[in-house]
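> Input run_22.pdb, format and content: PDB, C-alpha atoms.
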ATOM      1  CA  MET K   1      -6.222  12.717 -10.642
ATOM      2  CA  LEU K   2      -3.155  11.750  -8.690
ATOM      3  CA  ILE K   3      -1.818   8.226  -8.435
ATOM      4  CA  LEU K   4       0.123   7.955  -5.185
ATOM      5  CA  GLU K   5       2.124   5.030  -3.882
ATOM      6  CA  CYS K   6       2.020   4.582  -0.132
ATOM      7  CA  PRO K   7       5.613   3.996   1.057
ATOM      8  CA  TYR K   8       4.387   1.930   4.016
ATOM      9  CA  CYS K   9       2.126  -0.622   2.370
ATOM     10  CA  GLY K  10       3.325  -0.308  -1.216
ATOM     11  CA  VAL K  11      -0.207   0.195  -2.486
ATOM     12  CA  LYS K  12      -0.570   2.272  -5.613
ATOM     13  CA  GLY K  13      -3.880   4.025  -5.207
ATOM     14  CA  GLU K  14      -5.705   6.969  -6.611
ATOM     15  CA  GLU K  15      -6.173  10.180  -4.752
ATOM     16  CA  THR K  16      -9.596   9.479  -3.212
ATOM     17  CA  GLU K  17      -8.127   6.639  -1.156
ATOM     18  CA  PHE K  18      -5.805   9.174   0.483
ATOM     19  CA  ALA K  19      -6.334  12.400   2.367
ATOM     20  CA  GLY K  20      -4.191  15.466   1.792
ATOM     21  CA  GLY K  21      -2.552  16.994   4.844
ATOM     22  CA  GLY K  22      -1.065  20.239   3.574
ATOM     23  CA  GLU K  23       2.531  21.314   3.287
ATOM     24  CA  ALA K  24       5.337  18.945   4.267
ATOM     25  CA  HIS K  25       8.514  19.590   6.273
ATOM     26  CA  LEU K  26       7.017  22.291   8.479
ATOM     27  CA  LYS K  27       9.228  23.344  11.320
ATOM     28  CA  ARG K  28       7.190  23.698  14.453
ATOM     29  CA  PHE K  29       7.408  26.840  16.545
ATOM     30  CA  GLY K  30       5.700  26.366  19.863
ATOM     31  CA  PRO K  31       5.973  27.896  23.336
ATOM     32  CA  GLY K  32       8.944  30.216  23.684
ATOM     33  CA  SER K  33       9.073  31.230  20.038
ATOM     34  CA  SER K  34       8.490  34.759  18.851
ATOM     35  CA  ASP K  35       5.106  35.919  17.633
ATOM     36  CA  ASP K  36       6.428  36.215  14.085
ATOM     37  CA  GLU K  37       7.785  32.680  14.093
ATOM     38  CA  PHE K  38       4.559  31.288  15.492
ATOM     39  CA  HIS K  39       2.515  33.251  12.987
ATOM     40  CA  GLY K  40       4.715  31.955  10.184
ATOM     41  CA  TYR K  41       4.380  28.372  11.382
ATOM     42  CA  LEU K  42       0.596  28.627  11.549
ATOM     43  CA  PHE K  43      -0.243  30.672   8.498
ATOM     44  CA  SER K  44       2.634  31.175   6.058
ATOM     45  CA  LYS K  45       2.245  28.274   3.669
ATOM     46  CA  VAL K  46       3.675  28.197   0.180
ATOM     47  CA  ASN K  47       1.414  27.684  -2.799
ATOM     48  CA  PRO K  48       3.914  27.091  -5.582
ATOM     49  CA  LYS K  49       3.342  26.674  -9.271
ATOM     50  CA  GLY K  50       5.544  23.661  -9.953
ATOM     51  CA  VAL K  51       7.448  21.535  -7.479
ATOM     52  CA  HIS K  52       5.658  21.029  -4.192
ATOM     53  CA  PHE K  53       6.074  18.819  -1.133
ATOM     54  CA  GLU K  54       2.984  17.682   0.689
ATOM     55  CA  ARG K  55       1.846  15.429   3.496
ATOM     56  CA  TRP K  56      -0.671  12.747   2.664
ATOM     57  CA  ARG K  57      -2.377  10.106   4.734
ATOM     58  CA  HIS K  58      -3.393   6.693   3.460
ATOM     59  CA  ALA K  59      -6.784   7.287   5.053
ATOM     60  CA  HIS K  60      -8.682   4.335   3.607
ATOM     61  CA  GLY K  61      -5.718   1.980   3.745
ATOM     62  CA  CYS K  62      -2.983   1.495   6.310
ATOM     63  CA  GLY K  63      -3.691   4.881   7.905
ATOM     64  CA  LYS K  64      -0.076   6.092   7.825
ATOM     65  CA  TRP K  65       1.131   9.592   7.053
ATOM     66  CA  PHE K  66       3.742  10.026   4.343
ATOM     67  CA  HIS K  67       5.301  12.719   2.194
ATOM     68  CA  ALA K  68       4.825  13.239  -1.509
ATOM     69  CA  ALA K  69       6.858  15.296  -3.945
ATOM     70  CA  ARG K  70       4.763  16.390  -6.886
ATOM     71  CA  ASP K  71       4.294  19.010  -9.524
ATOM     72  CA  THR K  72       1.276  21.277  -9.265
ATOM     73  CA  ILE K  73       1.406  22.135 -12.985
ATOM     74  CA  THR K  74       1.686  18.684 -14.550
ATOM     75  CA  LEU K  75       0.291  16.741 -11.579
ATOM     76  CA  GLU K  76       3.268  14.418 -11.945
ATOM     77  CA  VAL K  77       4.185  12.671  -8.711
ATOM     78  CA  TYR K  78       7.988  12.574  -8.394
ATOM     79  CA  GLY K  79       7.871  10.169  -5.508
ATOM     80  CA  THR K  80       6.579   9.407  -2.052
ATOM     81  CA  TYR K  81       8.650   8.775   1.058
ATOM     82  CA  PRO K  82       8.111   8.057   4.751
ATOM     83  CA  ALA K  83       7.165  10.874   7.089
ATOM     84  CA  GLN K  84      10.049  10.140   9.479
ATOM     85  CA  THR K  85      12.389  12.490   7.660
ATOM     86  CA  THR K  86      13.146  16.191   7.718
ATOM     87  CA  GLU K  87      14.367  16.407   4.141
ATOM     88  CA  PRO K  88      13.345  14.857   0.801
ATOM     89  CA  PRO K  89      15.580  11.865  -0.094
ATOM     90  CA  LYS K  90      18.317  12.415  -2.658
ATOM     91  CA  ASP K  91      16.867  10.168  -5.348
ATOM     92  CA  ILE K  92      13.635  12.166  -5.386
ATOM     93  CA  LYS K  93      15.564  15.451  -5.498
ATOM     94  CA  ASP K  94      17.596  14.095  -8.427
ATOM     95  CA  LYS K  95      14.442  13.079 -10.226
ATOM     96  CA  ILE K  96      13.003  16.561  -9.820
ATOM     97  CA  SER K  97      16.256  18.158 -10.973
ATOM     98  CA  ALA K  98      16.153  16.045 -14.116
ATOM     99  CA  LYS K  99      12.673  17.290 -14.967
ATOM    100  CA  ARG K 100      12.891  20.840 -13.608
ATOM    101  CA  PRO K 101      16.505  22.038 -13.474
ATOM    102  CA  GLY K 102      17.073  24.844 -11.010
ATOM    103  CA  TRP K 103      13.963  24.139  -8.939
ATOM    104  CA  SER K 104      13.722  25.257  -5.367
ATOM    105  CA  TRP K 105      11.169  24.878  -2.610
ATOM    106  CA  ARG K 106      11.680  26.675   0.681
ATOM    107  CA  GLU K 107      15.182  25.676   1.820
ATOM    108  CA  PHE K 108      15.459  22.691  -0.528
ATOM    109  CA  ALA K 109      16.836  22.766  -4.040
TER     110      ALA K 109
ATOM    111  CA  MET U   1     -25.602 -13.968  27.453
ATOM    112  CA  SER U   2     -27.594 -12.637  24.564
ATOM    113  CA  ASP U   3     -27.426 -14.409  21.239
ATOM    114  CA  ALA U   4     -24.976 -12.697  18.926
ATOM    115  CA  VAL U   5     -26.231 -12.053  15.418
ATOM    116  CA  SER U   6     -24.463 -10.689  12.371
ATOM    117  CA  ALA U   7     -25.338  -7.210  11.126
ATOM    118  CA  LEU U   8     -27.793  -8.298   8.429
ATOM    119  CA  LYS U   9     -28.719 -11.672   9.899
ATOM    120  CA  GLY U  10     -27.568 -13.707   6.919
ATOM    121  CA  ALA U  11     -29.239 -11.634   4.190
ATOM    122  CA  SER U  12     -28.430 -12.651   0.624
ATOM    123  CA  PHE U  13     -29.087 -11.417  -2.885
ATOM    124  CA  ASP U  14     -28.802 -13.166  -6.237
ATOM    125  CA  GLY U  15     -27.786 -10.877  -9.037
ATOM    126  CA  THR U  16     -24.896 -11.053 -11.475
ATOM    127  CA  VAL U  17     -23.102 -12.456  -8.440
ATOM    128  CA  THR U  18     -24.416 -13.810  -5.167
ATOM    129  CA  VAL U  19     -24.054 -11.344  -2.308
ATOM    130  CA  ARG U  20     -24.419 -12.670   1.210
ATOM    131  CA  ASP U  21     -23.828 -11.642   4.757
ATOM    132  CA  ALA U  22     -21.010 -14.008   5.719
ATOM    133  CA  GLY U  23     -22.236 -14.253   9.305
ATOM    134  CA  LEU U  24     -20.355 -13.842  12.512
ATOM    135  CA  GLN U  25     -16.588 -13.855  12.327
ATOM    136  CA  GLY U  26     -14.166 -13.681  15.203
ATOM    137  CA  MET U  27     -11.700 -10.861  14.543
ATOM    138  CA  ILE U  28      -8.820  -9.634  16.639
ATOM    139  CA  THR U  29      -6.856  -6.499  15.926
ATOM    140  CA  LEU U  30      -3.229  -7.208  16.723
ATOM    141  CA  ARG U  31      -0.749  -4.369  16.775
ATOM    142  CA  GLY U  32       2.899  -4.620  17.579
ATOM    143  CA  ASP U  33       6.319  -5.287  16.107
ATOM    144  CA  GLN U  34       5.630  -7.571  13.157
ATOM    145  CA  GLY U  35       9.269  -8.454  12.820
ATOM    146  CA  SER U  36       9.470 -10.170  16.191
ATOM    147  CA  ALA U  37       9.556 -13.944  16.595
ATOM    148  CA  LYS U  38       7.016 -13.700  19.401
ATOM    149  CA  MET U  39       4.552 -12.116  16.991
ATOM    150  CA  THR U  40       5.029 -14.996  14.545
ATOM    151  CA  LYS U  41       4.366 -17.410  17.387
ATOM    152  CA  ALA U  42       1.298 -15.484  18.550
ATOM    153  CA  VAL U  43      -0.247 -15.650  15.074
ATOM    154  CA  LYS U  44       0.652 -19.323  14.762
ATOM    155  CA  ASP U  45      -0.779 -20.158  18.200
ATOM    156  CA  ALA U  46      -4.010 -18.284  17.601
ATOM    157  CA  THR U  47      -4.762 -19.323  14.031
ATOM    158  CA  GLY U  48      -2.403 -22.089  12.963
ATOM    159  CA  ALA U  49      -1.544 -19.894   9.982
ATOM    160  CA  ALA U  50       1.759 -18.251   9.149
ATOM    161  CA  LYS U  51       2.316 -14.562   9.807
ATOM    162  CA  PRO U  52       1.341 -12.754   6.590
ATOM    163  CA  GLY U  53       3.850 -10.616   4.732
ATOM    164  CA  GLN U  54       3.102  -7.182   3.350
ATOM    165  CA  ARG U  55      -0.442  -7.025   1.853
ATOM    166  CA  GLU U  56      -0.846 -10.780   2.291
ATOM    167  CA  ILE U  57      -3.481 -12.916   3.906
ATOM    168  CA  THR U  58      -2.793 -16.402   5.188
ATOM    169  CA  SER U  59      -5.217 -19.069   6.272
ATOM    170  CA  SER U  60      -5.353 -22.382   8.014
ATOM    171  CA  GLY U  61      -8.706 -24.160   8.114
ATOM    172  CA  ASP U  62     -11.312 -21.633   9.199
ATOM    173  CA  SER U  63      -8.766 -19.261  10.746
ATOM    174  CA  GLY U  64      -6.373 -16.827   9.208
ATOM    175  CA  ALA U  65      -4.388 -13.635   9.519
ATOM    176  CA  ALA U  66      -4.259 -10.560   7.317
ATOM    177  CA  TRP U  67      -1.725  -7.750   6.969
ATOM    178  CA  MET U  68      -3.422  -4.433   7.671
ATOM    179  CA  SER U  69      -0.520  -1.988   8.027
ATOM    180  CA  PRO U  70       3.186  -2.160   8.954
ATOM    181  CA  ASP U  71       2.225  -2.531  12.615
ATOM    182  CA  GLU U  72      -1.194  -4.145  12.467
ATOM    183  CA  LEU U  73      -2.580  -7.579  11.701
ATOM    184  CA  LEU U  74      -6.147  -8.797  11.594
ATOM    185  CA  VAL U  75      -6.459 -12.217  13.182
ATOM    186  CA  MET U  76      -9.548 -14.142  12.072
ATOM    187  CA  VAL U  77     -10.870 -17.129  13.975
ATOM    188  CA  PRO U  78     -14.323 -18.709  14.376
ATOM    189  CA  TYR U  79     -16.579 -16.342  16.320
ATOM    190  CA  ASP U  80     -16.884 -18.584  19.371
ATOM    191  CA  SER U  81     -13.147 -19.051  19.775
ATOM    192  CA  ALA U  82     -12.160 -15.364  19.654
ATOM    193  CA  THR U  83     -11.741 -15.134  23.436
ATOM    194  CA  GLU U  84      -9.645 -18.283  23.458
ATOM    195  CA  ALA U  85      -7.474 -16.977  20.597
ATOM    196  CA  LEU U  86      -7.019 -13.686  22.436
ATOM    197  CA  THR U  87      -5.735 -15.542  25.481
ATOM    198  CA  LYS U  88      -3.230 -17.432  23.309
ATOM    199  CA  ILE U  89      -2.000 -14.154  21.821
ATOM    200  CA  ASP U  90      -1.680 -12.553  25.243
ATOM    201  CA  THR U  91       0.319 -15.565  26.440
ATOM    202  CA  ALA U  92       2.631 -15.595  23.425
ATOM    203  CA  LEU U  93       3.303 -11.856  23.580
ATOM    204  CA  LYS U  94       3.714 -11.551  27.344
ATOM    205  CA  GLY U  95       6.263  -8.837  28.102
ATOM    206  CA  GLU U  96       6.163  -7.358  24.606
ATOM    207  CA  HIS U  97       4.791  -3.962  23.650
ATOM    208  CA  TYR U  98       1.616  -4.886  21.778
ATOM    209  CA  LEU U  99      -2.127  -4.445  21.625
ATOM    210  CA  ALA U 100      -4.684  -7.181  20.971
ATOM    211  CA  VAL U 101      -8.404  -6.468  21.024
ATOM    212  CA  ASN U 102     -11.412  -8.571  20.133
ATOM    213  CA  VAL U 103     -13.209  -6.493  17.494
ATOM    214  CA  SER U 104     -15.563  -9.235  16.250
ATOM    215  CA  ASP U 105     -18.707  -7.269  17.054
ATOM    216  CA  ALA U 106     -17.388  -4.048  15.548
ATOM    217  CA  ARG U 107     -17.158  -5.495  12.062
ATOM    218  CA  ALA U 108     -19.318  -7.037   9.378
ATOM    219  CA  MET U 109     -18.232  -9.469   6.705
ATOM    220  CA  PHE U 110     -19.746 -10.116   3.287
ATOM    221  CA  GLU U 111     -19.009 -12.680   0.630
ATOM    222  CA  ILE U 112     -19.708 -12.297  -3.042
ATOM    223  CA  SER U 113     -19.348 -15.230  -5.396
ATOM    224  CA  GLY U 114     -19.841 -15.786  -9.080
ATOM    225  CA  ALA U 115     -18.097 -15.108 -12.358
ATOM    226  CA  GLY U 116     -18.492 -11.326 -12.146
ATOM    227  CA  VAL U 117     -17.031 -10.637  -8.702
ATOM    228  CA  ARG U 118     -14.072  -8.670 -10.054
ATOM    229  CA  GLU U 119     -16.431  -6.389 -11.891
ATOM    230  CA  VAL U 120     -18.685  -5.796  -8.889
ATOM    231  CA  ILE U 121     -15.703  -4.688  -6.774
ATOM    232  CA  ALA U 122     -14.229  -2.651  -9.625
ATOM    233  CA  LYS U 123     -17.446  -0.637  -9.746
ATOM    234  CA  LEU U 124     -17.092   0.308  -6.093
ATOM    235  CA  CYS U 125     -13.374   0.531  -5.272
ATOM    236  CA  PRO U 126     -10.465   2.417  -6.880
ATOM    237  CA  VAL U 127      -8.503  -0.822  -7.173
ATOM    238  CA  ASP U 128      -7.055  -2.613 -10.174
ATOM    239  CA  MET U 129      -9.172  -5.770 -10.123
ATOM    240  CA  SER U 130      -7.815  -7.297 -13.329
ATOM    241  CA  PRO U 131      -6.678 -10.929 -13.162
ATOM    242  CA  GLY U 132      -2.996 -10.945 -12.303
ATOM    243  CA  ALA U 133      -3.183  -7.651 -10.420
ATOM    244  CA  PHE U 134      -5.492  -8.952  -7.688
ATOM    245  CA  GLU U 135      -5.389 -12.633  -6.811
ATOM    246  CA  PRO U 136      -6.119 -14.945  -3.874
ATOM    247  CA  GLY U 137      -3.567 -14.519  -1.105
ATOM    248  CA  SER U 138      -3.487 -10.746  -1.107
ATOM    249  CA  ILE U 139      -5.623  -8.321   0.855
ATOM    250  CA  ARG U 140      -6.384  -4.724  -0.059
ATOM    251  CA  ARG U 141      -7.666  -2.089   2.289
ATOM    252  CA  THR U 142      -9.397   0.586   0.317
ATOM    253  CA  ARG U 143     -12.401   2.805  -0.089
ATOM    254  CA  MET U 144     -15.730   1.248  -1.075
ATOM    255  CA  ALA U 145     -17.884   4.128  -2.326
ATOM    256  CA  GLN U 146     -17.844   6.329   0.800
ATOM    257  CA  VAL U 147     -16.551   3.971   3.466
ATOM    258  CA  ALA U 148     -13.403   2.035   4.300
ATOM    259  CA  ALA U 149     -13.304  -1.683   3.513
ATOM    260  CA  ALA U 150     -10.852  -4.524   3.161
ATOM    261  CA  ILE U 151     -11.222  -7.055   0.369
ATOM    262  CA  TRP U 152      -9.569 -10.337  -0.472
ATOM    263  CA  MET U 153     -10.222 -13.351  -2.657
ATOM    264  CA  THR U 154     -10.605 -16.669  -0.915
ATOM    265  CA  GLU U 155     -10.486 -18.417  -4.290
ATOM    266  CA  ALA U 156     -11.094 -17.478  -7.913
ATOM    267  CA  GLY U 157     -14.664 -16.202  -8.123
ATOM    268  CA  THR U 158     -15.132 -15.529  -4.405
ATOM    269  CA  ILE U 159     -14.346 -12.262  -2.664
ATOM    270  CA  ARG U 160     -14.778 -11.408   0.987
ATOM    271  CA  ILE U 161     -15.329  -7.900   2.243
ATOM    272  CA  VAL U 162     -14.843  -6.626   5.766
ATOM    273  CA  CYS U 163     -16.252  -3.273   6.856
ATOM    274  CA  PHE U 164     -17.366  -1.571  10.033
ATOM    275  CA  ARG U 165     -20.605  -2.956  11.366
ATOM    276  CA  SER U 166     -22.100   0.529  11.558
ATOM    277  CA  VAL U 167     -21.985   0.748   7.748
ATOM    278  CA  ALA U 168     -22.927  -2.882   7.050
ATOM    279  CA  GLU U 169     -26.304  -2.053   5.566
ATOM    280  CA  TYR U 170     -24.780   0.611   3.349
ATOM    281  CA  VAL U 171     -22.116  -1.796   2.051
ATOM    282  CA  TYR U 172     -24.671  -4.546   1.490
ATOM    283  CA  GLY U 173     -26.780  -2.090  -0.493
ATOM    284  CA  LEU U 174     -23.763  -1.072  -2.574
ATOM    285  CA  LEU U 175     -22.879  -4.661  -3.378
ATOM    286  CA  CYS U 176     -26.454  -5.569  -4.304
ATOM    287  CA  ASP U 177     -26.762  -2.492  -6.483
ATOM    288  CA  ALA U 178     -23.470  -3.243  -8.262
ATOM    289  CA  ALA U 179     -24.680  -6.812  -8.831
ATOM    290  CA  GLU U 180     -28.067  -5.784 -10.217
ATOM    291  CA  PRO U 181     -28.912  -7.926 -13.292
ATOM    292  CA  GLY U 182     -28.542  -5.890 -16.458
ATOM    293  CA  GLY U 183     -25.587  -3.963 -15.043
ATOM    294  CA  GLU U 184     -22.914  -6.261 -16.462
ATOM    295  CA  VAL U 185     -20.005  -4.426 -18.067
ATOM    296  CA  GLY U 186     -18.001  -7.467 -19.176
ATOM    297  CA  TYR U 187     -14.663  -5.691 -18.809
ATOM    298  CA  PHE U 188     -12.905  -8.658 -17.223
ATOM    299  CA  ALA U 189     -14.786 -11.274 -19.275
TER     300      ALA U 189
END
If you took the structure in this file and wrote it as structure tokens, what would it be?

Amino acid sequence: MLILECPYCGVKGEETEFAGGGEAHLKRFGPGSSDDEFHGYLFSKVNPKGVHFERWRHAHGCGKWFHAARDTITLEVYGTYPAQTTEPPKDIKDKISAKRPGWSWREFA
Amino acid sequence: MSDAVSALKGASFDGTVTVRDAGLQGMITLRGDQGSAKMTKAVKDATGAAKPGQREITSSGDSGAAWMSPDELLVMVPYDSATEALTKIDTALKGEHYLAVNVSDARAMFEISGAGVREVIAKLCPVDMSPGAFEPGSIRRTRMAQVAAAIWMTEAGTIRIVCFRSVAEYVYGLLCDAAEPGGEVGYFA
């Protein structure tokens, strides 16, 4: 079970109060992009063992989308942060580095 | 005009706590910039209560306001004065980017009272209901079994629950079941 803290309302709730929304920090490729880029945007999702960044929605609470950095092995949640960002905040990256030195996830490390 | 009735027409149940349909309640969804002075005035004009801070609920007499999300408040007034309150909000927020809608008939409200109210809610919601963690003055939107609900304590031993009217019977059934005599856990005793 995951305990997530919604960065918008500050509520610490368990996973069933939220709804998972797949991988975070996707770069959208829409009209005008190549077939490969569009295919990658739609289907090429990572499924890492370890550090992972996901989108979650506080479905039964304030209804806002946010990002969560967590570990798929230990189920530890490194932190949650607002969705209005294109990169995980430094303090969360530092926290991950302390636990899992040398981690990387897509273009972030 | 037809006579408005609450979802379960005042049904009540006496178990480990008393569960009752709290009747008709005027409710207005108010979305907009919560940081603005006009919003503070709108809440004050409509309810007489202060604008609630994050996860707070404020009250003044039989009116009040609750924090629902960073851009949404729930304004509660007596059922018959909802239209009047809506006009006051519209006046106070004239020119602002906001949304105010009377949702009184889209919701149902329940009240449970008695010594075991914390336990009844703890059986149904993934919320820390221990004394100190949940107290009067704060509101929590959460999941009650399979549906969304908002809960707050009006005073020690009394909890109010707001849910969608379409699931009122389901929520009432949940509350009655959780309050069934013989089902006491005594965790918060």
> Residues of chain U near chain K: apply a cut-off of 10 Å, count all atoms listed in the file, and supply the list as a list of chain:residue names.
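Filtering chain U at 10 Å from chain K with all atoms listed in the file gives U:Gln54, U:Arg55, U:Trp67, U:Met68, U:Ser69, U:Pro70, U:Asp71, U:Glu72, U:Cys125, U:Pro126, U:Val127, U:Asp128, U:Arg140, U:Arg141, U:Thr142, U:Arg143, U:Met144, U:Ala145, U:Gln146, U:Val147, U:Ala148, U:Ala149, U:Ala150.
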> Report as a PyMOL selection string the residues that result from applying the PyMOL selection byres ((chain K and resi 83-90) around 8) to the structure here.
chain K and resi 25+55+65-67+81-82+91-94+108
> Which residue is closest to U:Leu174? Choose from U:Val120, U:Ala133, U:Ala37, U:Ala100 and count all atoms listed in the file.
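Among U:Val120, U:Ala133, U:Ala37, U:Ala100, it is U:Val120 that comes nearest to U:Leu174.
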> Up to 6 Å from (-12.6, -16.5, 16.7) in the file's coordinates: name the residues, counting only C-alpha atoms, as a PyMOL selection string.
chain U and resi 26+77-82
> Using atom CA of K:Leu26 and atom CA of K:Ala69 as the two end points, give the distance in Å to one decimal.
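According to the coordinates, atom CA of K:Leu26 and atom CA of K:Ala69 are separated by 14.3 Å.
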> May I ask for the distance between atom CA of U:Thr158 and atom CA of U:Thr29, given in Å to one decimal place?
23.7 Å
> In Å, how far is it from atom CA of U:Gly61 to atom CA of U:Cys163?
22.2 Å
> Could the centre and edge lengths of an axis-aligned box, enclosing all atoms of stretch 62-81 of chain K in the file with 8 Å extra on each side, be given in Å to one decimal as JSON?

{"center_x": 2.5, "center_y": 11.8, "center_z": -3.3, "size_x": 28.3, "size_y": 36.6, "size_z": 38.5}
> Closest to K:His52 among K:Gly22, K:Trp105, K:Leu4, K:Arg28, using only C-alpha atoms?
K:Trp105
> Write out as a list in words each polymer residue whose atoms come within 8 Å of U:Glu119, counting only C-alpha atoms; drop sequence neighbours fewer than 3 positions from it.
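Neighbouring residues, sequence-local ones excluded: Gly116, Ala122, Lys123, Met129, Glu184, Val185, Gly186, Tyr187 and Phe188 of chain U.
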> With the PyMOL selection byres ((chain U and resi 101) around 7) as the selection, what would be picked from this file? Answer as a PyMOL selection string, please.
chain U and resi 28-30+99-100+102-103
> Care to translate the PyMOL selection byres ((chain U and resi 154) around 10) into actual residues of this file, as a list in words?
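After applying the PyMOL selection byres ((chain U and resi 154) around 10), what remains is Ile57, Thr58, Ser59, Glu111, Ser113, Glu135, Pro136, Gly137, Ser138, Ile139, Ile151, Trp152, Met153, Glu155, Ala156, Gly157, Thr158, Ile159 and Arg160 of chain U.
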> Can you spit out the residues from that selection as a PDB file, in the coordinates of the input, using C-alpha atoms?

ATOM      1  CA  ILE U  57      -3.481 -12.916   3.906  1.00  0.00           C
ATOM      2  CA  THR U  58      -2.793 -16.402   5.188  1.00  0.00           C
ATOM      3  CA  SER U  59      -5.217 -19.069   6.272  1.00  0.00           C
ATOM      4  CA  GLU U 111     -19.009 -12.680   0.630  1.00  0.00           C
ATOM      5  CA  SER U 113     -19.348 -15.230  -5.396  1.00  0.00           C
ATOM      6  CA  GLU U 135      -5.389 -12.633  -6.811  1.00  0.00           C
ATOM      7  CA  PRO U 136      -6.119 -14.945  -3.874  1.00  0.00           C
ATOM      8  CA  GLY U 137      -3.567 -14.519  -1.105  1.00  0.00           C
ATOM      9  CA  SER U 138      -3.487 -10.746  -1.107  1.00  0.00           C
ATOM     10  CA  ILE U 139      -5.623  -8.321   0.855  1.00  0.00           C
ATOM     11  CA  ILE U 151     -11.222  -7.055   0.369  1.00  0.00           C
ATOM     12  CA  TRP U 152      -9.569 -10.337  -0.472  1.00  0.00           C
ATOM     13  CA  MET U 153     -10.222 -13.351  -2.657  1.00  0.00           C
ATOM     14  CA  GLU U 155     -10.486 -18.417  -4.290  1.00  0.00           C
ATOM     15  CA  ALA U 156     -11.094 -17.478  -7.913  1.00  0.00           C
ATOM     16  CA  GLY U 157     -14.664 -16.202  -8.123  1.00  0.00           C
ATOM     17  CA  THR U 158     -15.132 -15.529  -4.405  1.00  0.00           C
ATOM     18  CA  ILE U 159     -14.346 -12.262  -2.664  1.00  0.00           C
ATOM     19  CA  ARG U 160     -14.778 -11.408   0.987  1.00  0.00           C
TER      20      ARG U 160
END
> For K:Trp56, which residue among K:Ile3, K:Ala19, K:Ala24, K:Ile96 is the nearest when counting all atoms listed in the file?
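Using all atoms listed in the file, K:Trp56 sits closest to K:Ala19.
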> Could you pull the residues within 9 Å of K:Ala109, counting all atoms listed in the file, minus those fewer than 6 positions along the same chain, as number ranges by chain?
K: 93, 97, 102-103
> How would stretch 18-32 of chain K read, as a PDB file, in the frame of the given file, once N, CA and C atoms are built in?

ATOM      1  N   PHE K  18      -6.709   8.459  -0.423  1.00  0.00           N
ATOM      2  CA  PHE K  18      -5.805   9.174   0.483  1.00  0.00           C
ATOM      3  C   PHE K  18      -6.454  10.472   0.949  1.00  0.00           C
ATOM      4  N   ALA K  19      -5.849  11.100   1.925  1.00  0.00           N
ATOM      5  CA  ALA K  19      -6.334  12.400   2.367  1.00  0.00           C
ATOM      6  C   ALA K  19      -5.144  13.347   2.428  1.00  0.00           C
ATOM      7  N   GLY K  20      -5.275  14.493   1.815  1.00  0.00           N
ATOM      8  CA  GLY K  20      -4.191  15.466   1.792  1.00  0.00           C
ATOM      9  C   GLY K  20      -4.025  16.118   3.155  1.00  0.00           C
ATOM     10  N   GLY K  21      -2.794  16.433   3.515  1.00  0.00           N
ATOM     11  CA  GLY K  21      -2.552  16.994   4.844  1.00  0.00           C
ATOM     12  C   GLY K  21      -1.746  18.277   4.801  1.00  0.00           C
ATOM     13  N   GLY K  22      -1.760  18.957   3.664  1.00  0.00           N
ATOM     14  CA  GLY K  22      -1.065  20.239   3.574  1.00  0.00           C
ATOM     15  C   GLY K  22       0.432  20.107   3.356  1.00  0.00           C
ATOM     16  N   GLU K  23       1.104  21.222   3.585  1.00  0.00           N
ATOM     17  CA  GLU K  23       2.531  21.314   3.287  1.00  0.00           C
ATOM     18  C   GLU K  23       3.395  20.386   4.151  1.00  0.00           C
ATOM     19  N   ALA K  24       4.438  19.840   3.545  1.00  0.00           N
ATOM     20  CA  ALA K  24       5.337  18.945   4.267  1.00  0.00           C
ATOM     21  C   ALA K  24       6.520  19.725   4.853  1.00  0.00           C
ATOM     22  N   HIS K  25       7.273  19.063   5.701  1.00  0.00           N
ATOM     23  CA  HIS K  25       8.514  19.590   6.273  1.00  0.00           C
ATOM     24  C   HIS K  25       8.335  20.926   6.999  1.00  0.00           C
ATOM     25  N   LEU K  26       7.205  21.077   7.686  1.00  0.00           N
ATOM     26  CA  LEU K  26       7.017  22.291   8.479  1.00  0.00           C
ATOM     27  C   LEU K  26       7.891  22.205   9.716  1.00  0.00           C
ATOM     28  N   LYS K  27       8.479  23.326  10.077  1.00  0.00           N
ATOM     29  CA  LYS K  27       9.228  23.344  11.320  1.00  0.00           C
ATOM     30  C   LYS K  27       8.325  23.956  12.370  1.00  0.00           C
ATOM     31  N   ARG K  28       8.136  23.246  13.448  1.00  0.00           N
ATOM     32  CA  ARG K  28       7.190  23.698  14.453  1.00  0.00           C
ATOM     33  C   ARG K  28       7.790  24.767  15.360  1.00  0.00           C
ATOM     34  N   PHE K  29       7.031  25.834  15.571  1.00  0.00           N
ATOM     35  CA  PHE K  29       7.408  26.840  16.545  1.00  0.00           C
ATOM     36  C   PHE K  29       6.339  26.865  17.619  1.00  0.00           C
ATOM     37  N   GLY K  30       6.685  26.464  18.790  1.00  0.00           N
ATOM     38  CA  GLY K  30       5.700  26.366  19.863  1.00  0.00           C
ATOM     39  C   GLY K  30       5.972  27.373  20.962  1.00  0.00           C
ATOM     40  N   PRO K  31       5.750  26.991  22.209  1.00  0.00           N
ATOM     41  CA  PRO K  31       5.973  27.896  23.336  1.00  0.00           C
ATOM     42  C   PRO K  31       7.422  28.392  23.352  1.00  0.00           C
ATOM     43  N   GLY K  32       7.595  29.667  23.618  1.00  0.00           N
ATOM     44  CA  GLY K  32       8.944  30.216  23.684  1.00  0.00           C
ATOM     45  C   GLY K  32       9.392  30.853  22.386  1.00  0.00           C
TER      46      GLY K  32
END
